[in-house]
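Peer 1: coords_38.cif is the file, holding mmCIF, C-alpha atoms and all ligand atoms:
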```
data_structure
#
loop_
_atom_site.label_atom_id
_atom_site.label_comp_id
_atom_site.auth_asym_id
_atom_site.auth_seq_id
_atom_site.Cartn_x
_atom_site.Cartn_y
_atom_site.Cartn_z
CA MET V 250 -6.27 29.83 1.37
CA THR V 251 -6.69 28.36 4.85
CA SER V 252 -10.16 27.97 6.24
CA CYS V 253 -11.15 30.11 9.17
CA SER V 254 -10.83 28.44 12.56
CA THR V 255 -14.24 29.78 13.64
CA GLN V 256 -15.91 27.70 10.92
CA GLN V 257 -17.17 24.26 11.89
CA LEU V 258 -15.05 21.32 10.78
CA PRO V 259 -16.89 18.95 8.43
CA GLU V 260 -17.70 15.42 9.55
CA ALA V 261 -16.53 13.94 6.24
CA LEU V 262 -13.80 14.62 3.69
CA VAL V 263 -15.16 15.25 0.21
CA ASP V 264 -13.01 16.35 -2.73
CA SER V 265 -13.93 18.65 -5.58
CA PHE V 266 -15.12 15.69 -7.69
CA GLN V 267 -17.58 14.72 -4.93
CA ARG V 268 -15.55 11.67 -3.94
CA ARG V 269 -15.71 10.87 -0.22
CA VAL V 270 -12.26 10.16 1.24
CA SER V 271 -12.62 7.45 3.87
CA TYR V 272 -9.32 5.59 3.63
CA LEU V 273 -5.81 6.66 4.69
CA ARG V 274 -2.59 4.82 3.87
CA LEU V 275 -0.14 5.93 6.50
CA SER V 276 3.55 5.30 5.96
CA VAL V 277 5.40 4.67 9.23
CA THR V 278 8.89 4.46 7.72
CA ASP V 279 10.60 4.80 4.34
CA ARG V 280 13.23 2.25 5.38
CA CYS V 281 13.14 -1.44 4.54
CA ASP V 282 15.07 -4.64 5.14
CA PHE V 283 14.51 -5.59 1.46
CA ARG V 284 15.38 -3.72 -1.75
CA CYS V 285 12.81 -5.07 -4.22
CA VAL V 286 14.02 -4.35 -7.75
CA TYR V 287 10.80 -2.62 -8.87
CA CYS V 288 10.49 -0.55 -5.70
CA MET V 289 13.95 0.68 -4.78
CA ALA V 290 17.36 1.37 -6.21
CA GLU V 291 20.22 -0.69 -4.76
CA ASP V 292 21.68 2.28 -2.89
CA MET V 293 18.80 4.19 -1.44
CA ILE V 294 19.09 7.43 0.46
CA PHE V 295 16.49 7.51 3.20
CA ALA V 296 15.02 10.56 4.89
CA PRO V 297 17.11 11.92 7.77
CA LYS V 298 15.70 10.98 11.20
CA ALA V 299 14.85 14.60 12.05
CA GLU V 300 12.57 14.79 9.04
CA ILE V 301 10.45 11.76 9.79
CA LEU V 302 7.35 11.94 11.93
CA SER V 303 7.61 10.64 15.47
CA LEU V 304 5.21 7.90 16.56
CA GLU V 305 3.25 10.57 18.45
CA GLU V 306 3.01 12.74 15.30
CA LEU V 307 1.85 9.73 13.29
CA PHE V 308 -0.82 9.10 15.91
CA GLN V 309 -1.99 12.74 15.70
CA VAL V 310 -2.33 12.37 11.92
CA ALA V 311 -4.39 9.18 12.35
CA GLN V 312 -6.58 10.82 14.98
CA ALA V 313 -7.21 13.89 12.79
CA PHE V 314 -8.26 11.71 9.85
CA THR V 315 -10.56 9.48 11.90
CA GLU V 316 -12.23 12.54 13.44
CA LEU V 317 -12.86 13.68 9.85
CA GLY V 318 -14.72 10.48 9.03
CA VAL V 319 -11.89 8.26 7.78
CA SER V 320 -12.83 4.74 8.87
CA LYS V 321 -9.96 2.71 7.44
CA ILE V 322 -6.22 3.14 7.95
CA ARG V 323 -3.57 0.92 6.40
CA LEU V 324 -0.04 1.13 7.83
CA THR V 325 2.63 0.77 5.21
CA GLY V 326 6.08 1.96 4.25
CA GLY V 327 8.92 1.05 3.55
CA GLU V 328 8.58 -1.94 5.81
CA PRO V 329 6.27 -0.84 8.63
CA LEU V 330 7.24 -3.65 10.99
CA ILE V 331 10.91 -2.67 11.17
CA ARG V 332 10.18 0.76 12.66
CA SER V 333 11.31 0.58 16.27
CA ASN V 334 8.46 0.55 18.74
CA VAL V 335 5.89 0.34 15.96
CA MET V 336 3.72 -1.93 18.11
CA SER V 337 3.10 0.92 20.56
CA LEU V 338 1.59 2.92 17.67
CA VAL V 339 -0.42 -0.06 16.42
CA GLU V 340 -1.86 -0.61 19.90
CA ARG V 341 -2.92 3.06 20.19
CA LEU V 342 -4.47 3.02 16.73
CA GLY V 343 -6.33 -0.17 17.58
CA ARG V 344 -8.12 1.76 20.34
CA LEU V 345 -8.91 4.85 18.22
CA PRO V 346 -12.66 5.56 18.28
CA GLY V 347 -14.19 5.72 14.82
CA LEU V 348 -11.54 3.60 13.18
CA GLY V 349 -13.50 0.66 11.80
CA GLN V 350 -10.61 -1.06 10.10
CA LEU V 351 -6.92 -1.06 10.88
CA ALA V 352 -4.84 -2.88 8.26
CA ILE V 353 -1.18 -3.32 7.43
CA THR V 354 0.91 -4.08 4.34
CA THR V 355 4.17 -5.88 5.04
CA ASN V 356 6.91 -7.87 3.34
CA GLY V 357 6.36 -10.57 5.97
CA SER V 358 9.91 -10.67 7.30
CA GLN V 359 8.85 -9.90 10.89
CA LEU V 360 5.48 -11.63 10.90
CA GLN V 361 6.47 -14.90 12.48
CA ARG V 362 7.29 -12.88 15.59
CA LEU V 363 4.58 -10.20 15.35
CA ALA V 364 1.43 -11.74 13.79
CA PRO V 365 -0.30 -12.63 17.11
CA ALA V 366 0.53 -9.23 18.66
CA LEU V 367 -0.85 -7.42 15.58
CA LYS V 368 -4.07 -9.41 15.82
CA ASP V 369 -4.39 -8.67 19.56
CA ALA V 370 -3.78 -4.96 18.93
CA GLY V 371 -6.79 -4.80 16.61
CA VAL V 372 -5.31 -5.18 13.12
CA LYS V 373 -8.09 -6.66 11.00
CA ARG V 374 -6.48 -7.19 7.61
CA ILE V 375 -2.97 -7.91 6.51
CA ASN V 376 -1.41 -7.82 3.03
CA ILE V 377 1.87 -9.65 2.53
CA SER V 378 4.08 -9.27 -0.51
CA LEU V 379 5.34 -12.45 -2.18
CA ASP V 380 6.62 -12.38 -5.76
CA SER V 381 8.31 -15.77 -6.07
CA LEU V 382 8.28 -19.24 -4.49
CA ARG V 383 11.80 -20.02 -5.68
CA PRO V 384 14.42 -19.11 -3.07
CA ARG V 385 17.04 -17.80 -5.51
CA LYS V 386 14.54 -15.88 -7.59
CA PHE V 387 12.98 -14.48 -4.43
CA ARG V 388 16.40 -13.30 -3.31
CA GLN V 389 17.09 -11.73 -6.71
CA LEU V 390 13.80 -9.84 -6.75
CA THR V 391 14.01 -8.62 -3.15
CA ARG V 392 17.83 -8.38 -3.15
CA HIS V 393 17.91 -9.18 0.62
CA GLY V 394 14.82 -11.27 1.34
CA ASN V 395 14.76 -14.78 2.78
CA LEU V 396 11.90 -16.85 1.31
CA ASP V 397 11.63 -19.32 4.25
CA GLN V 398 11.28 -16.46 6.68
CA VAL V 399 8.51 -14.83 4.63
CA ILE V 400 6.61 -18.11 4.18
CA ALA V 401 6.83 -18.73 7.92
CA GLY V 402 5.44 -15.20 8.37
CA ILE V 403 2.54 -15.87 5.99
CA ASP V 404 1.74 -19.09 7.86
CA ALA V 405 1.84 -17.24 11.19
CA ALA V 406 -0.57 -14.63 9.79
CA ALA V 407 -2.90 -17.30 8.38
CA ALA V 408 -2.95 -18.99 11.82
CA ALA V 409 -3.49 -15.77 13.80
CA GLY V 410 -7.13 -15.36 12.76
CA PHE V 411 -7.19 -12.00 10.97
CA GLN V 412 -10.41 -11.09 9.10
CA GLY V 413 -8.41 -11.10 5.91
CA VAL V 414 -4.94 -12.16 4.75
CA LYS V 415 -3.95 -11.33 1.20
CA ILE V 416 -0.82 -11.97 -0.79
CA ASN V 417 0.37 -9.22 -3.16
CA ALA V 418 2.53 -10.18 -6.11
CA VAL V 419 4.12 -7.82 -8.63
CA ILE V 420 4.69 -9.74 -11.85
CA LEU V 421 7.55 -8.84 -14.19
CA LYS V 422 7.93 -10.30 -17.65
CA GLY V 423 10.99 -12.51 -17.97
CA ARG V 424 11.42 -12.69 -14.18
CA ASN V 425 8.50 -14.27 -12.32
CA GLU V 426 5.73 -14.39 -14.92
CA GLY V 427 6.05 -18.20 -15.03
CA GLU V 428 5.03 -18.46 -11.37
CA VAL V 429 1.51 -17.08 -11.44
CA VAL V 430 -0.16 -20.53 -11.31
CA ASP V 431 2.11 -21.66 -8.44
CA LEU V 432 1.39 -18.46 -6.54
CA VAL V 433 -2.37 -18.98 -6.84
CA ASN V 434 -1.99 -22.60 -5.69
CA PHE V 435 0.08 -21.38 -2.74
CA ALA V 436 -2.77 -19.00 -1.77
CA ILE V 437 -5.39 -21.74 -2.23
CA GLU V 438 -3.47 -24.11 0.07
CA ARG V 439 -3.52 -21.48 2.81
CA GLU V 440 -7.06 -20.27 2.08
CA VAL V 441 -5.89 -16.68 1.66
CA ASP V 442 -6.55 -14.19 -1.15
CA ILE V 443 -3.99 -13.12 -3.72
CA ALA V 444 -3.74 -9.98 -5.85
CA PHE V 445 -1.49 -9.44 -8.85
CA ILE V 446 -0.24 -5.87 -9.22
CA GLU V 447 0.90 -4.24 -12.44
CA GLU V 448 4.27 -2.59 -12.03
CA MET V 449 3.98 1.19 -11.74
CA PRO V 450 6.55 3.73 -12.94
CA LEU V 451 7.31 5.17 -9.50
CA GLY V 452 10.89 6.32 -9.01
CA LEU V 453 13.92 5.83 -11.27
CA ILE V 454 15.28 2.28 -10.98
CA ASP V 455 18.38 0.80 -12.59
CA ASP V 456 17.62 -2.95 -12.40
CA HIS V 457 15.42 -3.23 -15.47
CA ASP V 458 13.57 -1.32 -18.15
CA ARG V 459 9.99 -1.13 -16.95
CA ALA V 460 8.73 -0.95 -20.54
CA LEU V 461 10.20 -4.42 -21.20
CA THR V 462 9.10 -6.11 -17.95
CA PHE V 463 5.55 -4.79 -17.90
CA CYS V 464 3.04 -7.62 -17.59
CA SER V 465 -0.62 -6.65 -17.77
CA SER V 466 -3.38 -8.06 -15.60
CA GLU V 467 -5.03 -9.42 -18.72
CA GLU V 468 -1.93 -11.44 -19.63
CA ILE V 469 -1.88 -12.93 -16.12
CA ARG V 470 -5.59 -13.70 -16.21
CA LEU V 471 -5.13 -15.53 -19.52
CA ALA V 472 -2.21 -17.53 -18.07
CA LEU V 473 -4.41 -18.61 -15.14
CA ALA V 474 -7.48 -19.43 -17.21
CA PRO V 475 -6.51 -23.03 -18.19
CA HIS V 476 -5.82 -23.90 -14.54
CA PHE V 477 -8.59 -22.26 -12.50
CA GLN V 478 -12.24 -21.45 -12.99
CA LEU V 479 -12.35 -17.76 -12.22
CA GLN V 480 -15.76 -16.13 -11.68
CA PRO V 481 -16.02 -12.33 -11.45
CA ALA V 482 -16.75 -11.39 -7.85
CA GLY V 483 -18.43 -8.08 -8.66
CA GLU V 484 -17.27 -4.70 -9.89
CA PRO V 485 -14.50 -2.79 -8.11
CA SER V 486 -15.87 -0.51 -5.44
CA GLY V 487 -14.66 1.84 -2.73
CA ASN V 488 -14.28 -1.26 -0.51
CA SER V 489 -12.35 -3.49 -2.88
CA GLY V 490 -10.22 -0.54 -3.94
CA PRO V 491 -8.74 -0.62 -7.41
CA ALA V 492 -8.61 -4.45 -7.51
CA ARG V 493 -10.93 -6.48 -9.70
CA TYR V 494 -11.62 -9.76 -7.91
CA TYR V 495 -12.51 -13.26 -9.08
CA THR V 496 -13.52 -16.24 -6.98
CA VAL V 497 -11.86 -19.58 -7.66
CA THR V 498 -14.68 -22.08 -8.04
CA GLY V 499 -14.75 -24.52 -5.12
CA ARG V 500 -12.02 -22.70 -3.19
CA ASN V 501 -11.85 -20.17 -0.38
CA THR V 502 -9.46 -17.94 -2.29
CA ARG V 503 -10.15 -14.82 -4.33
CA VAL V 504 -7.79 -13.73 -7.07
CA GLY V 505 -7.49 -9.97 -7.62
CA PHE V 506 -5.92 -7.85 -10.32
CA ILE V 507 -4.70 -4.37 -9.58
CA SER V 508 -4.36 -2.65 -12.90
CA PRO V 509 -3.36 0.99 -12.61
CA HIS V 510 -2.47 0.98 -16.33
CA SER V 511 -5.09 -1.06 -18.04
CA ASN V 512 -8.03 -0.14 -15.82
CA ASN V 513 -8.58 3.23 -14.35
CA PHE V 514 -10.73 3.38 -11.26
CA CYS V 515 -9.87 6.94 -10.31
CA HIS V 516 -13.54 7.88 -10.25
CA LEU V 517 -13.95 5.47 -7.31
CA CYS V 518 -10.88 6.73 -5.45
CA ASN V 519 -11.60 7.09 -1.75
CA ARG V 520 -8.03 7.25 -0.45
CA VAL V 521 -5.12 9.51 0.32
CA ARG V 522 -1.62 8.80 1.59
CA VAL V 523 0.61 10.37 4.21
CA THR V 524 4.35 9.79 3.88
CA VAL V 525 6.56 9.32 6.91
CA GLU V 526 7.80 12.85 6.34
CA GLY V 527 4.27 14.08 6.83
CA ARG V 528 3.51 14.85 3.21
CA LEU V 529 -0.17 14.35 2.44
CA LEU V 530 -0.31 12.89 -1.08
CA LEU V 531 -3.63 13.32 -2.75
CA CYS V 532 -2.96 10.84 -5.59
CA LEU V 533 -0.55 7.91 -6.06
CA GLY V 534 0.28 9.01 -9.60
CA ASN V 535 0.61 12.77 -9.12
CA GLU V 536 2.79 15.04 -7.04
CA HIS V 537 -0.04 17.14 -5.50
CA SER V 538 0.71 17.29 -1.79
CA VAL V 539 0.41 19.27 1.42
CA ASP V 540 3.04 19.49 4.17
CA LEU V 541 1.35 18.27 7.36
CA ARG V 542 4.67 18.12 9.22
CA ALA V 543 4.91 21.91 9.06
CA VAL V 544 1.51 22.10 10.77
CA LEU V 545 2.42 19.43 13.34
CA ARG V 546 5.67 21.21 14.23
CA SER V 547 4.40 24.79 14.25
CA PRO V 548 4.60 26.43 17.70
CA ASP V 549 0.83 27.01 17.85
CA TYR V 550 -0.07 23.45 16.76
CA THR V 551 -3.52 22.14 17.61
CA LEU V 552 -5.32 19.03 16.37
CA ASP V 553 -7.97 21.31 14.81
CA LYS V 554 -5.31 23.13 12.77
CA LEU V 555 -4.13 19.79 11.46
CA LYS V 556 -7.70 18.86 10.60
CA TRP V 557 -8.22 22.13 8.70
CA ALA V 558 -5.04 21.52 6.69
CA ILE V 559 -6.45 18.12 5.70
CA VAL V 560 -9.89 19.52 4.87
CA ASP V 561 -8.36 22.28 2.71
CA ALA V 562 -6.15 19.75 0.90
CA MET V 563 -9.22 18.03 -0.54
CA ALA V 564 -9.52 20.90 -3.05
CA ILE V 565 -6.33 19.78 -4.84
CA LYS V 566 -7.01 16.05 -5.10
CA PRO V 567 -6.56 15.43 -8.85
CA GLU V 568 -9.26 13.77 -10.89
CA ARG V 569 -7.02 10.93 -12.11
CA HIS V 570 -3.51 9.63 -12.75
CA HIS V 571 -1.82 8.77 -16.06
CA PHE V 572 0.76 5.97 -16.08
CA ASN V 573 2.87 5.00 -19.04
CA ASN V 574 5.84 2.68 -18.51
CA ASP V 575 7.39 3.76 -21.83
CA GLU V 576 7.99 7.26 -20.55
CA GLN V 577 10.24 8.66 -17.88
CA PRO V 578 8.32 8.51 -14.61
CA GLN V 579 6.27 11.61 -13.95
CA VAL V 580 6.41 10.70 -10.28
CA LEU V 581 9.97 10.69 -9.04
CA ARG V 582 9.34 9.39 -5.56
CA PHE V 583 9.86 5.68 -5.03
CA MET V 584 7.06 3.45 -3.79
CA ASN V 585 8.73 3.11 -0.38
CA ALA V 586 8.59 6.90 0.00
CA THR V 587 5.03 7.04 -1.29
CA GLY V 588 3.69 4.44 1.12
CA GLY V 589 2.58 1.49 -1.00
N1 LIG V 601 7.20 -3.29 2.49
C1 LIG V 601 5.83 -3.60 2.44
C2 LIG V 601 5.53 -4.61 1.34
O1 LIG V 601 6.42 -4.86 0.52
O2 LIG V 601 4.42 -5.14 1.30
C3 LIG V 601 4.91 -2.42 2.29
C4 LIG V 601 5.34 -1.32 1.35
S1 LIG V 601 5.44 -1.79 -0.35
C5 LIG V 601 5.94 -0.27 -1.09
C6 LIG V 601 3.73 -1.98 -0.75
C7 LIG V 601 3.40 -2.71 -2.03
O3 LIG V 601 3.85 -1.92 -3.11
C8 LIG V 601 4.08 -4.05 -2.17
O4 LIG V 601 3.09 -5.03 -2.42
C9 LIG V 601 4.97 -3.88 -3.36
O5 LIG V 601 5.07 -5.07 -4.10
C10 LIG V 601 4.29 -2.78 -4.12
N2 LIG V 601 5.18 -2.02 -5.01
C11 LIG V 601 6.35 -1.43 -4.71
N3 LIG V 601 6.87 -0.78 -5.80
C12 LIG V 601 5.97 -0.97 -6.80
C13 LIG V 601 5.91 -0.55 -8.17
N4 LIG V 601 6.85 0.20 -8.72
N5 LIG V 601 4.83 -0.93 -8.88
C14 LIG V 601 3.84 -1.69 -8.34
N6 LIG V 601 3.85 -2.11 -7.06
C15 LIG V 601 4.89 -1.75 -6.30
FE1 LIG V 602 10.66 -2.95 0.87
FE2 LIG V 602 8.10 -3.35 0.30
FE3 LIG V 602 9.62 -1.84 -1.31
FE4 LIG V 602 10.07 -4.44 -1.21
S1 LIG V 602 8.19 -3.44 -1.93
S2 LIG V 602 11.65 -2.82 -1.09
S3 LIG V 602 9.61 -4.91 0.85
S4 LIG V 602 9.07 -1.37 0.76
#
```
Let's see the structure in the file written out as structure tokens.

Peer 2:
Amino acid sequence: MTSCSTQQLPEALVDSFQRRVSYLRLSVTDRCDFRCVYCMAEDMIFAPKAEILSLEELFQVAQAFTELGVSKIRLTGGEPLIRSNVMSLVERLGRLPGLGQLAITTNGSQLQRLAPALKDAGVKRINISLDSLRPRKFRQLTRHGNLDQVIAGIDAAAAAGFQGVKINAVILKGRNEGEVVDLVNFAIEREVDIAFIEEMPLGLIDDHDRALTFCSSEEIRLALAPHFQLQPAGEPSGNSGPARYYTVTGRNTRVGFISPHSNNFCHLCNRVRVTVEGRLLLCLGNEHSVDLRAVLRSPDYTLDKLKWAIVDAMAIKPERHHFNNDEQPQVLRFMNATGG
């Protein structure tokens, strides 16, 4: 049932489990210049152009959420920085009243060119994916990526003066599990944070059997223990998101573990996602969604109607997700379509 337009819009988004939603991950494209083996199939079919939101529609979505009390937006994809004209959107978002934190997740391929412009436009935090420091391995895992280009991008981001730069690494058994110590040392050298992510069963992939490659956060933590003194940096919270962070004694680097399997922080969930097709996803691990594109493209569209659609969607945000890499994925969309 849609709420009546004569009612007053709330100032905050609260779901039926009394969780306040204050964080939006907004996907600006499902396309990518890489084809990471855990994220995409080799031959991906992307959404037709007519079905993806225009930059103006993406801006309307961001505005609606910030006017409903969302204070943090992370741009993601696909690879957000390959969307043409994406900087014009970033610049508008950077000026959006009420948006306390604009962030971006990227594979780093365009960062050497764009890091200073992103900083000037108001991006505060940047996450960069890096799964291997060995050029051939990096190419195998990303299928198309160039390691030198990504490292140059990370260095450009570290030099640009963002509030936070973090490396994200997905670790797969038998592929890059032997690199966790090197990856932490790489982050320490650059004084940036690093988070290890457990592989999630999103989308059907043909490169490997996720049940065999799964590497838990605990296994990684044990592999790091002889090399670094890791001190817990507090419990996960709405701010840290699902990551559990440790400080490295004597260093300016924090090491995080994102464990959607082994730790479940759904009770702290403060986020929702919007795909580039305008689907509002209420949970990463469930299919519950609302079609915001239909609202945006209806002949009598108003920003208030969009806001009501978002407010009403809070009623179907699920309590939690269930992931099990041994089973067929319950969620058939790939991570690039979800907005990582
Ligand atoms: N292209 C950008 C990038 O790679 O950072 C942004 C989008 S990507 C989908 C966002 C994050 O999701 C990346 O850190 C990537 O490693 C992670 N990711 C993709 N597929 C995943 C999966 N099946 N399980 C866990 N993490 C995944
Ligand atoms: Fe592209 Fe990011 Fe997915 Fe890799 S993880 S294929 S870089 S969207």

Peer 1: List as a PyMOL selection string the protein and nucleic acid residues lying within 7 Å of ligand LIG 601 (chain V), with all atoms listed in the file counted.

Peer 2: chain V and resi 281+287-288+325-329+354-356+376-378+417-419+446-451+584-585+588-589

Peer 1: Find the distance between atom CA of Thr391 of chain V and atom CA of Phe477 of chain V and write it in Å to one decimal.

Peer 2: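 Atom-to-atom, atom CA of Thr391 of chain V and atom CA of Phe477 of chain V are spaced 28.0 Å apart.
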
Peer 1: What's around Glu300 of chain V at 10 Å? Count all atoms listed in the file, leave out sequence neighbours fewer than 5 positions away in its own chain, and write the answer as a short mmCIF file (atom, residue, chain, number, x, y, z; two decimals) with C-alpha atoms, in the frame of the given file.

Peer 2:
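Wrote selection11.cif, looks like this:
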```cif
data_model
loop_
_atom_site.label_atom_id
_atom_site.label_comp_id
_atom_site.auth_asym_id
_atom_site.auth_seq_id
_atom_site.Cartn_x
_atom_site.Cartn_y
_atom_site.Cartn_z
CA VAL V 525 6.56 9.32 6.91
CA GLU V 526 7.80 12.85 6.34
CA GLY V 527 4.27 14.08 6.83
CA ARG V 542 4.67 18.12 9.22
#
```

Peer 1: Would you mind listing what lies within 10 Å of Pro509 of chain V as an MDAnalysis selection string, with only C-alpha atoms counted and same-chain residues fewer than 5 positions away left out?

Peer 2: chainID V and resid 446:449 465:466 491:492 514:515 533:534 570:573

Peer 1: Compare V:Leu453, V:Leu367, V:Ile507, V:Leu324 by their minimum atom-to-atom distance to Met293 of chain V, counting only C-alpha atoms, and give me the closest one.

Peer 2: V:Leu453

Peer 1: Taking all atoms listed in the file into account, which of V:Ala311, V:Leu530, V:Val277, V:Ala370 comes nearest ligand LIG 602 (chain V)?

Peer 2: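 Under the stated criterion, the closest residue is V:Val277.
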
Peer 1: Between atom CA of Val399 of chain V and atom S1 of ligand LIG 602 (chain V), what is the distance, to one decimal in Å?

Peer 2: 13.1 Å
